[in-house]
Amino acid sequence: MTKDLTCQGNIDMQALEDRHKELEKAWNDLLKEKREFEARIHTLERQEKQFELKWDMLIRETQKLAADKQQFERKKKFYDQVQANSVDSYGDQDAVVQGEMFFSGVSTQKALKKRYKELIKIYHPDGECGDTATIAEINREYEDLKTQMS
């Protein structure tokens, strides 16, 4: 009978050890899943920060684009008025605008060059509002002002 109890004790002990190993393996599997889950969370947090940075940049660029559009519209309106005034004032001269009107308010070489480039884009003969006589007048006045500012 003691032999049976010893045998029974060994079986119970073996069953306990087997159960302990199963639980230990399950625990290790859970720890591994936890680490993987934490790594995924960390990756998602990084991606969220990147998304927020990109979103903020997109908002800033959209606002800048809207401001640029407004500035362009104001300049276009100004140049349309200049052209309309030039047609009224110089109706017999094929609507050539005097160069002084284009460069009014320009006081530095940098501003002069910037205004010149903008005017060339608008009045280039290949463009919609293009006119060779106006371009010639713009070039003449630009050269005069450039030498005066030098």
# chains A, B, ... in the order shown; residues from 1 in each chain; ligands from 1
>>> select_by_dssp(residues="chain A", states="alpha helix (DSSP H)", output="number ranges by chain")
A: 2-89, 99-102, 109-123, 132-149
>>> residues_around(residues="stretch 137-141 of chain A", least_positions_apart="3", cutoff="12 Å", atoms="only C-alpha atoms", output="VMD selection string")
chain A and resid 95 to 104 112 to 113 115 to 124 131 to 134 144 to 148
>>> atom_distance(atom1="atom CA of A:Gln50", atom2="atom CA of A:Leu65")
22.2 Å
